[in-house]
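Heads up, the thing below is written out as structure tokens.
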Amino acid sequence: MTALPDWLGEFPLGAALDYASVLVFALTGALVASRQQLDLVGFIFIAALTAIGGGTLRDLLLGRDPVFWVGDPTYVLIAAGAAVVVFFTAHLLESRYRALLWLDACALAVAVPAGVAITMRLEHGPVIVLIMGIATGTFGGLMRDVVCNEVPLVLKQGELYLSCAFAGAMSAVIATALGADTLIALLICGGVTFALRAGSLRFGWKLPVYKARPPRQY
């Protein structure tokens with residue numbers, strides 16, 4: 001696998017992807033908090049949990065020291081700021097749940113490439129790149145939904161979600177293996193992730209699900 005250029009792990013792209021995913025995931029967390037009618041502190045907690053959850057798991061598993069938001073608390077401030085904005089403006093949205101779904105789709109399409117970029121920057125193999133891309137993109141939202149007693153989007157029947165993260169991360173791995181420039185591979189990753197999630201939301205795309213059958217009688 002081609003190693004990333006040195007600048008990719010720095011602000012221009014590597015950190016920029018993390019900043020963007022933190023911001024958008026924080027907005028989704030705050031929208032869920034509004035559905036639960038929490039106070040401002042609750043908004044900030046859920047927004048921050050959603051925003052940094054996936055990246056925290058990624059960094060802990062990869063042994064990065066310090067974890068990204070510990071090394072740069074700006075990430076937490078961005079999440080808190082997003083929560084405050086939503087606290088005072090959520091009532092203006094006609095459908096908060098619809099906004100949540102599309103914001104979450106955008107966040108997923110940024111967070112998966114962020115996880116892929118960081119893992120590639122550390123020169124891990126394709127399997128670890130794939131797993132960390134999925135983890136970065138999905139675990140923050142999973143924690144948000146579980147804590148707020150919502151049906152986790154990542155496990156919602158009849159919709160593509162985890163499959164979108166898998167396909168996006170896999171597309172980056174395949175593109176890199178075929179010799180594509182890393183930036184192009186990350187753009188493909190984000191595009192595939194968003195296209196599949198948007199298709200599921202807009203057109204009802206889904207994969208076949210397991211259907212239980214009665215046991216055979218012998």
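Residue numbering restarts at 1 for every chain of the structure tokens, chains are lettered A, B, ... in their displayed order, and ligands are numbered from 1 as they appear.
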message = Please identify the alpha helix (DSSP H) residues within range 47-175 of chain A (assignment by DSSP from backbone atoms) and present them as a PyMOL selection string.
response = chain A and resi 47-62+68-71+74-89+96-121+126-147+162-175
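Take the candidates A:Pro152, A:Gly29, A:Pro113, A:Gly199 and check each one against Leu183 in chain A using only C-alpha atoms; the shortest distance goes to A:Pro113.
Minimum atom-to-atom distance to Thr138 in chain A, evaluated using only C-alpha atoms, belongs to A:Leu153 out of A:Leu153, A:Leu92, A:Ala48, A:Val192.
Ranking A:Leu60, A:Cys189, A:Leu31, A:Leu17 by their shortest atom-to-atom distance to Cys148 in chain A, with only C-alpha atoms included, puts A:Leu31 first.
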Using only C-alpha atoms, I'd like a table of the residues in range 15-93 of chain A that come within 12 Å of range 104-108 of chain A; for each, show the closest atom pair and its distance in Å rounded to one decimal, ordered by chain and ascending number, as a tab-separated table.
```
residue	atom	partner	partner_atom	distance
A:Leu17	CA	A:Ala107	CA	9.9
A:Asp18	CA	A:Ala107	CA	10.1
A:Tyr19	CA	A:Ala107	CA	10.6
A:Ala20	CA	A:Ala107	CA	7.7
A:Ser21	CA	A:Ala107	CA	5.2
A:Val22	CA	A:Ala107	CA	8.0
A:Leu23	CA	A:Ala107	CA	8.3
A:Val24	CA	A:Ala107	CA	5.3
A:Phe25	CA	A:Ala107	CA	5.5
A:Ala26	CA	A:Ala107	CA	9.2
A:Leu27	CA	A:Asp104	CA	8.6
A:Thr28	CA	A:Asp104	CA	6.1
A:Gly29	CA	A:Asp104	CA	9.2
A:Ala30	CA	A:Asp104	CA	11.5
A:Leu31	CA	A:Asp104	CA	10.4
A:Val32	CA	A:Asp104	CA	10.9
A:Thr50	CA	A:Asp104	CA	10.4
A:Ala51	CA	A:Ala107	CA	9.3
A:Ile52	CA	A:Ala107	CA	11.9
A:Gly54	CA	A:Leu108	CA	10.5
```
Those same residues, written as a compact mmCIF listing (two decimals), in the first residue's frame with N, CA and C atoms?
```txt
# COMPACT_ATOMS: atom_id res chain seq x y z
N LEU A 17 -10.43 16.61 7.82
CA LEU A 17 -11.48 15.60 7.79
C LEU A 17 -12.03 15.35 9.19
N ASP A 18 -11.14 15.26 10.17
CA ASP A 18 -11.58 15.07 11.55
C ASP A 18 -12.40 16.26 12.03
N TYR A 19 -11.95 17.48 11.75
CA TYR A 19 -12.70 18.68 12.15
C TYR A 19 -14.10 18.67 11.53
N ALA A 20 -14.17 18.35 10.25
CA ALA A 20 -15.46 18.36 9.56
C ALA A 20 -16.40 17.30 10.13
N SER A 21 -15.88 16.09 10.36
CA SER A 21 -16.73 15.03 10.89
C SER A 21 -17.18 15.34 12.30
N VAL A 22 -16.30 15.96 13.11
CA VAL A 22 -16.68 16.36 14.47
C VAL A 22 -17.82 17.36 14.43
N LEU A 23 -17.71 18.35 13.57
CA LEU A 23 -18.75 19.38 13.48
C LEU A 23 -20.10 18.79 13.08
N VAL A 24 -20.12 18.01 12.01
CA VAL A 24 -21.40 17.51 11.50
C VAL A 24 -21.98 16.46 12.43
N PHE A 25 -21.14 15.57 12.98
CA PHE A 25 -21.66 14.59 13.92
C PHE A 25 -22.17 15.26 15.19
N ALA A 26 -21.51 16.35 15.61
CA ALA A 26 -22.00 17.09 16.78
C ALA A 26 -23.39 17.66 16.52
N LEU A 27 -23.64 18.15 15.33
CA LEU A 27 -24.97 18.66 14.99
C LEU A 27 -26.01 17.55 15.08
N THR A 28 -25.65 16.34 14.62
CA THR A 28 -26.61 15.23 14.71
C THR A 28 -26.87 14.86 16.16
N GLY A 29 -25.81 14.87 16.98
CA GLY A 29 -26.00 14.56 18.39
C GLY A 29 -26.90 15.56 19.08
N ALA A 30 -26.73 16.84 18.74
CA ALA A 30 -27.56 17.87 19.34
C ALA A 30 -29.01 17.74 18.87
N LEU A 31 -29.22 17.34 17.62
CA LEU A 31 -30.59 17.14 17.13
C LEU A 31 -31.27 15.99 17.88
N VAL A 32 -30.53 14.94 18.14
CA VAL A 32 -31.10 13.84 18.93
C VAL A 32 -31.41 14.32 20.34
N THR A 50 -21.12 12.06 20.43
CA THR A 50 -21.30 11.67 19.03
C THR A 50 -20.11 12.09 18.17
N ALA A 51 -19.62 13.30 18.43
CA ALA A 51 -18.58 13.88 17.58
C ALA A 51 -17.23 13.19 17.73
N ILE A 52 -16.87 12.82 18.94
CA ILE A 52 -15.52 12.29 19.17
C ILE A 52 -15.50 10.79 19.47
N GLY A 54 -16.28 7.94 17.67
CA GLY A 54 -15.64 7.06 16.70
C GLY A 54 -14.15 7.30 16.59
```
Dump as a tab-separated table the rows for residues of range 94-203 of chain A within 12 Å of range 82-89 of chain A: closest atom pair and distance in Å with one decimal, only C-alpha atoms counted, ordered by chain and rising residue number.
```
residue	atom	partner	partner_atom	distance
A:Glu94	CA	A:Thr89	CA	11.2
A:Arg96	CA	A:Val86	CA	10.5
A:Ala99	CA	A:Val86	CA	11.7
A:Leu100	CA	A:Val86	CA	11.5
```
message = Give me the residues near range 157-163 of chain A as a ChimeraX atom specification, where near means some atom within 12 Å (using only C-alpha atoms) and where sequence neighbours in that chain fewer than 5 positions away do not count.
response = /A:101,104-109,112,130-131,133-139,141-142,151-152,168-171,192-211
